[in-house]
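Enquirer: Just so it is clear, I am handing over upload.cif, which has mmCIF, C-alpha atoms and all ligand atoms.
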```cif
data_coords
#
loop_
_atom_site.label_atom_id
_atom_site.label_comp_id
_atom_site.auth_asym_id
_atom_site.auth_seq_id
_atom_site.Cartn_x
_atom_site.Cartn_y
_atom_site.Cartn_z
CA MET A 30 20.30 -14.96 4.19
CA LYS A 31 18.78 -12.18 6.31
CA THR A 32 16.60 -13.30 9.19
CA TYR A 33 13.80 -11.50 11.05
CA ASP A 34 12.21 -11.83 14.48
CA VAL A 35 8.73 -11.47 12.98
CA ILE A 36 7.33 -11.88 9.46
CA MET A 37 3.91 -10.34 8.78
CA ILE A 38 1.92 -11.69 5.83
CA GLY A 39 -0.15 -8.80 4.47
CA SER A 40 0.12 -5.07 5.16
CA GLY A 41 -3.33 -3.96 6.30
CA HIS A 42 -3.39 -1.32 9.00
CA ASN A 43 -3.55 -3.94 11.75
CA ALA A 44 -0.32 -5.53 10.50
CA LEU A 45 1.36 -2.13 10.02
CA ILE A 46 0.47 -1.02 13.56
CA ALA A 47 1.69 -4.31 15.02
CA ALA A 48 4.88 -4.01 12.97
CA ALA A 49 5.42 -0.47 14.24
CA TYR A 50 5.02 -1.53 17.87
CA LEU A 51 7.30 -4.55 17.38
CA THR A 52 9.95 -2.40 15.66
CA ARG A 53 9.81 0.16 18.45
CA SER A 54 10.37 -2.63 20.97
CA GLY A 55 13.55 -3.63 19.15
CA ARG A 56 12.34 -6.52 17.05
CA SER A 57 13.23 -6.83 13.37
CA VAL A 58 10.09 -7.12 11.24
CA LEU A 59 9.52 -8.01 7.60
CA VAL A 60 6.10 -7.10 6.13
CA LEU A 61 5.17 -8.96 2.94
CA GLU A 62 2.37 -7.66 0.70
CA LYS A 63 0.94 -9.31 -2.40
CA ASN A 64 -0.50 -6.08 -3.81
CA ASP A 65 1.53 -3.30 -5.44
CA ARG A 66 1.33 -1.10 -2.32
CA PRO A 67 0.77 -1.45 1.43
CA GLY A 68 -2.37 -0.53 3.38
CA GLY A 69 -4.92 -3.26 2.74
CA PHE A 70 -8.45 -1.84 2.73
CA LEU A 71 -7.26 1.57 3.87
CA ARG A 72 -6.15 3.32 0.73
CA THR A 73 -6.21 6.88 -0.57
CA GLU A 74 -5.82 7.62 -4.28
CA GLU A 75 -6.26 10.50 -6.69
CA LEU A 76 -9.12 8.89 -8.63
CA THR A 77 -10.67 11.93 -10.30
CA LEU A 78 -8.55 15.07 -10.56
CA PRO A 79 -4.94 15.69 -9.52
CA GLY A 80 -4.84 16.80 -5.89
CA TYR A 81 -8.29 15.38 -5.04
CA LYS A 82 -7.76 12.37 -2.81
CA HIS A 83 -10.45 9.76 -2.22
CA ASP A 84 -11.03 6.90 0.18
CA VAL A 85 -11.04 3.86 -2.10
CA TYR A 86 -12.45 1.28 0.29
CA ALA A 87 -12.99 1.92 3.99
CA ALA A 88 -14.37 5.39 4.63
CA ALA A 89 -14.20 6.01 8.36
CA HIS A 90 -12.01 4.56 11.06
CA PRO A 91 -12.81 6.78 14.07
CA LEU A 92 -11.40 4.38 16.65
CA LEU A 93 -8.14 4.10 14.70
CA LEU A 94 -7.80 7.83 14.01
CA THR A 95 -8.46 8.85 17.61
CA GLY A 96 -6.41 6.07 19.20
CA PRO A 97 -2.77 6.13 20.28
CA ALA A 98 -1.61 3.73 17.55
CA TYR A 99 -2.37 6.31 14.84
CA GLU A 100 0.35 8.58 16.30
CA ILE A 101 3.08 6.02 15.59
C1 LIG A 201 -15.73 -1.85 1.13
C2 LIG A 201 -15.27 -1.86 2.56
C3 LIG A 201 -15.51 -0.74 3.37
C4 LIG A 201 -15.12 -0.73 4.69
N1 LIG A 201 -15.36 0.38 5.43
C5 LIG A 201 -14.97 0.43 6.73
C6 LIG A 201 -15.15 1.62 7.50
O1 LIG A 201 -15.67 2.62 7.02
N2 LIG A 201 -14.75 1.61 8.80
C7 LIG A 201 -14.17 0.51 9.39
O2 LIG A 201 -13.81 0.57 10.57
N3 LIG A 201 -13.95 -0.63 8.65
C8 LIG A 201 -14.33 -0.69 7.36
N4 LIG A 201 -14.13 -1.83 6.61
C9 LIG A 201 -13.43 -2.96 7.24
C10 LIG A 201 -11.94 -2.65 7.30
O3 LIG A 201 -11.51 -2.15 6.05
C11 LIG A 201 -11.20 -3.92 7.66
O4 LIG A 201 -11.71 -4.39 8.90
C12 LIG A 201 -9.73 -3.65 7.80
O5 LIG A 201 -9.18 -3.18 6.58
C13 LIG A 201 -8.99 -4.92 8.22
O6 LIG A 201 -7.63 -4.55 8.32
P1 LIG A 201 -6.50 -5.63 8.38
O7 LIG A 201 -5.25 -4.87 8.71
O8 LIG A 201 -6.86 -6.71 9.34
O9 LIG A 201 -6.41 -6.31 6.94
P2 LIG A 201 -6.73 -5.81 5.46
O10 LIG A 201 -6.97 -4.33 5.41
O11 LIG A 201 -7.81 -6.73 4.96
O12 LIG A 201 -5.36 -6.08 4.71
C14 LIG A 201 -4.88 -7.41 4.47
C15 LIG A 201 -3.69 -7.28 3.53
O13 LIG A 201 -3.06 -8.55 3.44
C16 LIG A 201 -2.72 -8.78 2.07
N5 LIG A 201 -2.61 -10.22 1.88
C17 LIG A 201 -3.59 -11.15 2.04
N6 LIG A 201 -3.10 -12.39 1.80
C18 LIG A 201 -1.78 -12.23 1.51
C19 LIG A 201 -0.74 -13.13 1.19
N7 LIG A 201 -0.94 -14.47 1.13
N8 LIG A 201 0.50 -12.65 0.95
C20 LIG A 201 0.72 -11.29 1.02
N9 LIG A 201 -0.22 -10.39 1.30
C21 LIG A 201 -1.47 -10.85 1.56
C22 LIG A 201 -3.83 -8.13 1.28
O14 LIG A 201 -3.42 -7.83 -0.05
C23 LIG A 201 -4.05 -6.84 2.12
O15 LIG A 201 -3.22 -5.77 1.71
C24 LIG A 201 -14.48 -1.88 5.27
C25 LIG A 201 -14.22 -3.01 4.46
C26 LIG A 201 -14.61 -3.00 3.12
C27 LIG A 201 -14.32 -4.22 2.28
#
```
Turn the structure described in the file into structure tokens.
Ligand SMILES: Cc1cc2nc3c(=O)[nH]c(=O)nc-3n(C[C@H](O)[C@H](O)[C@H](O)COP(=O)(O)OP(=O)(O)OC[C@H]3O[C@@H](n4cnc5c(N)ncnc54)[C@H](O)[C@@H]3O)c2cc1C

Expert:
Amino acid sequence: MKTYDVIMIGSGHNALIAAAYLTRSGRSVLVLEKNDRPGGFLRTEELTLPGYKHDVYAAAHPLLLTGPAYEI
């Protein structure tokens, strides 16, 4: 059975950022998500026409988008 240093329950952006930092520091990380795709309340989908992408839930994350974690 495969083992991991860290197991994250849920794949919202906070978990994904933490997983990225942990992976970069050499830890093995498993992220488990109950939904059909990762991202939590940050999701973009083509809800209307092909090629037109919409924020489904959260609309603005200025501190995330301008912070260093977003570059990971
Ligand atoms: C309608 C709405 C609009 C918002 N707009 C903004 C905004 O404009 N700007 C802003 O800064 N914030 C906004 N927020 C708040 C922001 O979306 C949340 O603070 C942020 O998503 C929290 O991120 P998170 O990574 O902690 O967890 P979440 O994004 O909540 O993700 C948690 C994940 O864990 C999964 N999960 C839960 N339990 C389990 C389990 N037992 N097993 C497996 N998976 C599990 C869930 O399916 C989900 O994918 C909004 C929230 C809502 C609801």

Enquirer: Using all atoms listed in the file, pick whichever of A:Ile101, A:Met37, A:Ala44, A:Leu76 has the shortest atom-to-atom distance to ligand LIG 201 (chain A).

Expert: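 Ranked by minimum distance to ligand LIG 201 (chain A), first place goes to A:Ala44.
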
Enquirer: List all protein, DNA and RNA residues that have any atom at most 10 Å from ligand LIG 201 (chain A), counting only C-alpha atoms and all ligand atoms, and write the list as a CSV table (one decimal) with C-alpha atoms, in the frame of the given file.

Expert:
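Saved result, out.csv, follows:
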```
chain,number,residue,atom,x,y,z
A,37,MET,CA,3.9,-10.3,8.8
A,38,ILE,CA,1.9,-11.7,5.8
A,39,GLY,CA,-0.2,-8.8,4.5
A,40,SER,CA,0.1,-5.1,5.2
A,41,GLY,CA,-3.3,-4.0,6.3
A,42,HIS,CA,-3.4,-1.3,9.0
A,43,ASN,CA,-3.6,-3.9,11.8
A,44,ALA,CA,-0.3,-5.5,10.5
A,45,LEU,CA,1.4,-2.1,10.0
A,46,ILE,CA,0.5,-1.0,13.6
A,47,ALA,CA,1.7,-4.3,15.0
A,60,VAL,CA,6.1,-7.1,6.1
A,61,LEU,CA,5.2,-9.0,2.9
A,62,GLU,CA,2.4,-7.7,0.7
A,63,LYS,CA,0.9,-9.3,-2.4
A,64,ASN,CA,-0.5,-6.1,-3.8
A,65,ASP,CA,1.5,-3.3,-5.4
A,66,ARG,CA,1.3,-1.1,-2.3
A,67,PRO,CA,0.8,-1.4,1.4
A,68,GLY,CA,-2.4,-0.5,3.4
A,69,GLY,CA,-4.9,-3.3,2.7
A,70,PHE,CA,-8.4,-1.8,2.7
A,71,LEU,CA,-7.3,1.6,3.9
A,72,ARG,CA,-6.2,3.3,0.7
A,84,ASP,CA,-11.0,6.9,0.2
A,85,VAL,CA,-11.0,3.9,-2.1
A,86,TYR,CA,-12.4,1.3,0.3
A,87,ALA,CA,-13.0,1.9,4.0
A,88,ALA,CA,-14.4,5.4,4.6
A,89,ALA,CA,-14.2,6.0,8.4
A,90,HIS,CA,-12.0,4.6,11.1
A,91,PRO,CA,-12.8,6.8,14.1
A,92,LEU,CA,-11.4,4.4,16.6
A,93,LEU,CA,-8.1,4.1,14.7
```

Enquirer: To one decimal place in Å, what is the distance between CA of Gly55 (chain A) and CA of Asp34 (chain A)?

Expert: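 Value for the CA of Gly55 (chain A)-CA of Asp34 (chain A) distance: 9.5 Å.
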
Enquirer: Could you tell me how far CA of Tyr33 (chain A) lies from CA of Ser54 (chain A), in Å and to one decimal?

Expert: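 Taking CA of Tyr33 (chain A) as the start and CA of Ser54 (chain A) as the end point, the length is 13.7 Å.
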
Enquirer: When distances are computed from only C-alpha atoms, which of A:Glu75, A:Leu94, A:Lys31, A:Lys82 shows the smallest separation from Val58 (chain A)?

Expert: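 Once distances to Val58 (chain A) are computed over only C-alpha atoms, the minimum belongs to A:Lys31.
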
Enquirer: Which residues come within 10 Å of Ser57 (chain A), counting only C-alpha atoms, excluding same-chain residues fewer than 3 positions away, as a list in words?

Expert: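 Counting only C-alpha atoms, the residues come to Thr32, Tyr33, Asp34, Val35, Ile36, Ala48, Leu51, Thr52, Arg53 and Ser54 of chain A.
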
Enquirer: Extract region 36-70 of chain A from the structure I just pasted (atoms: N, CA and C atoms) and return it as an mmCIF file, in the first residue's frame.

Expert:
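out21.cif written:
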```cif
data_model
loop_
_atom_site.group_PDB
_atom_site.id
_atom_site.type_symbol
_atom_site.label_atom_id
_atom_site.label_comp_id
_atom_site.auth_asym_id
_atom_site.auth_seq_id
_atom_site.Cartn_x
_atom_site.Cartn_y
_atom_site.Cartn_z
ATOM 1 N N ILE A 36 -1.850 13.839 3.975
ATOM 2 C CA ILE A 36 -3.095 13.613 3.237
ATOM 3 C C ILE A 36 -4.014 14.807 3.484
ATOM 4 N N MET A 37 -4.415 15.474 2.398
ATOM 5 C CA MET A 37 -5.310 16.626 2.495
ATOM 6 C C MET A 37 -6.725 16.157 2.155
ATOM 7 N N ILE A 38 -7.684 16.486 3.013
ATOM 8 C CA ILE A 38 -9.084 16.161 2.749
ATOM 9 C C ILE A 38 -9.743 17.405 2.169
ATOM 10 N N GLY A 39 -10.082 17.365 0.885
ATOM 11 C CA GLY A 39 -10.661 18.509 0.204
ATOM 12 C C GLY A 39 -9.600 19.226 -0.611
ATOM 13 N N SER A 40 -10.028 19.793 -1.753
ATOM 14 C CA SER A 40 -9.067 20.409 -2.680
ATOM 15 C C SER A 40 -9.437 21.849 -3.005
ATOM 16 N N GLY A 41 -9.876 22.607 -1.983
ATOM 17 C CA GLY A 41 -10.028 24.050 -2.186
ATOM 18 C C GLY A 41 -8.663 24.680 -2.418
ATOM 19 N N HIS A 42 -8.658 25.968 -2.771
ATOM 20 C CA HIS A 42 -7.369 26.576 -3.118
ATOM 21 C C HIS A 42 -6.405 26.598 -1.945
ATOM 22 N N ASN A 43 -6.929 26.689 -0.708
ATOM 23 C CA ASN A 43 -6.013 26.662 0.437
ATOM 24 C C ASN A 43 -5.297 25.321 0.532
ATOM 25 N N ALA A 44 -6.017 24.234 0.323
ATOM 26 C CA ALA A 44 -5.396 22.908 0.350
ATOM 27 C C ALA A 44 -4.418 22.735 -0.809
ATOM 28 N N LEU A 45 -4.802 23.222 -2.001
ATOM 29 C CA LEU A 45 -3.926 23.063 -3.172
ATOM 30 C C LEU A 45 -2.626 23.850 -2.999
ATOM 31 N N ILE A 46 -2.721 25.055 -2.428
ATOM 32 C CA ILE A 46 -1.509 25.850 -2.203
ATOM 33 C C ILE A 46 -0.625 25.169 -1.156
ATOM 34 N N ALA A 47 -1.243 24.702 -0.071
ATOM 35 C CA ALA A 47 -0.457 24.002 0.951
ATOM 36 C C ALA A 47 0.189 22.751 0.367
ATOM 37 N N ALA A 48 -0.563 22.026 -0.461
ATOM 38 C CA ALA A 48 -0.012 20.813 -1.093
ATOM 39 C C ALA A 48 1.156 21.151 -2.007
ATOM 40 N N ALA A 49 1.044 22.281 -2.724
ATOM 41 C CA ALA A 49 2.139 22.684 -3.615
ATOM 42 C C ALA A 49 3.392 23.016 -2.818
ATOM 43 N N TYR A 50 3.234 23.782 -1.729
ATOM 44 C CA TYR A 50 4.394 24.106 -0.893
ATOM 45 C C TYR A 50 5.009 22.838 -0.286
ATOM 46 N N LEU A 51 4.159 21.947 0.211
ATOM 47 C CA LEU A 51 4.671 20.713 0.827
ATOM 48 C C LEU A 51 5.412 19.859 -0.200
ATOM 49 N N THR A 52 4.841 19.765 -1.422
ATOM 50 C CA THR A 52 5.483 18.974 -2.475
ATOM 51 C C THR A 52 6.828 19.577 -2.848
ATOM 52 N N ARG A 53 6.872 20.902 -2.949
ATOM 53 C CA ARG A 53 8.140 21.567 -3.272
ATOM 54 C C ARG A 53 9.195 21.341 -2.201
ATOM 55 N N SER A 54 8.750 21.152 -0.952
ATOM 56 C CA SER A 54 9.714 20.929 0.127
ATOM 57 C C SER A 54 10.092 19.454 0.244
ATOM 58 N N GLY A 55 9.591 18.636 -0.675
ATOM 59 C CA GLY A 55 10.013 17.233 -0.716
ATOM 60 C C GLY A 55 9.074 16.242 -0.086
ATOM 61 N N ARG A 56 7.948 16.718 0.412
ATOM 62 C CA ARG A 56 6.985 15.808 1.038
ATOM 63 C C ARG A 56 6.098 15.179 -0.030
ATOM 64 N N SER A 57 5.648 13.955 0.214
ATOM 65 C CA SER A 57 4.665 13.349 -0.680
ATOM 66 C C SER A 57 3.275 13.678 -0.151
ATOM 67 N N VAL A 58 2.395 14.115 -1.043
ATOM 68 C CA VAL A 58 1.078 14.622 -0.633
ATOM 69 C C VAL A 58 -0.010 13.952 -1.461
ATOM 70 N N LEU A 59 -1.060 13.508 -0.789
ATOM 71 C CA LEU A 59 -2.251 12.999 -1.465
ATOM 72 C C LEU A 59 -3.400 13.953 -1.163
ATOM 73 N N VAL A 60 -4.053 14.477 -2.210
ATOM 74 C CA VAL A 60 -5.210 15.358 -2.042
ATOM 75 C C VAL A 60 -6.458 14.571 -2.437
ATOM 76 N N LEU A 61 -7.393 14.461 -1.508
ATOM 77 C CA LEU A 61 -8.646 13.730 -1.758
ATOM 78 C C LEU A 61 -9.790 14.729 -1.903
ATOM 79 N N GLU A 62 -10.608 14.556 -2.934
ATOM 80 C CA GLU A 62 -11.719 15.474 -3.192
ATOM 81 C C GLU A 62 -12.994 14.675 -3.415
ATOM 82 N N LYS A 63 -14.086 15.105 -2.757
ATOM 83 C CA LYS A 63 -15.344 14.367 -2.904
ATOM 84 C C LYS A 63 -16.096 14.743 -4.171
ATOM 85 N N ASN A 64 -15.830 15.963 -4.697
ATOM 86 C CA ASN A 64 -16.495 16.377 -5.929
ATOM 87 C C ASN A 64 -15.793 15.788 -7.152
ATOM 88 N N ASP A 65 -16.380 16.048 -8.335
ATOM 89 C CA ASP A 65 -15.829 15.456 -9.555
ATOM 90 C C ASP A 65 -14.622 16.204 -10.093
ATOM 91 N N ARG A 66 -14.237 17.328 -9.448
ATOM 92 C CA ARG A 66 -13.048 18.066 -9.881
ATOM 93 C C ARG A 66 -12.504 18.884 -8.713
ATOM 94 N N PRO A 67 -11.227 19.238 -8.763
ATOM 95 C CA PRO A 67 -10.635 19.995 -7.662
ATOM 96 C C PRO A 67 -10.973 21.474 -7.755
ATOM 97 N N GLY A 68 -10.695 22.219 -6.675
ATOM 98 C CA GLY A 68 -10.824 23.677 -6.703
ATOM 99 C C GLY A 68 -11.749 24.254 -5.659
ATOM 100 N N GLY A 69 -12.608 23.465 -5.064
ATOM 101 C CA GLY A 69 -13.518 23.999 -4.053
ATOM 102 C C GLY A 69 -14.403 25.089 -4.623
ATOM 103 N N PHE A 70 -14.444 26.241 -3.912
ATOM 104 C CA PHE A 70 -15.313 27.338 -4.342
ATOM 105 C C PHE A 70 -14.663 28.244 -5.374
#
```
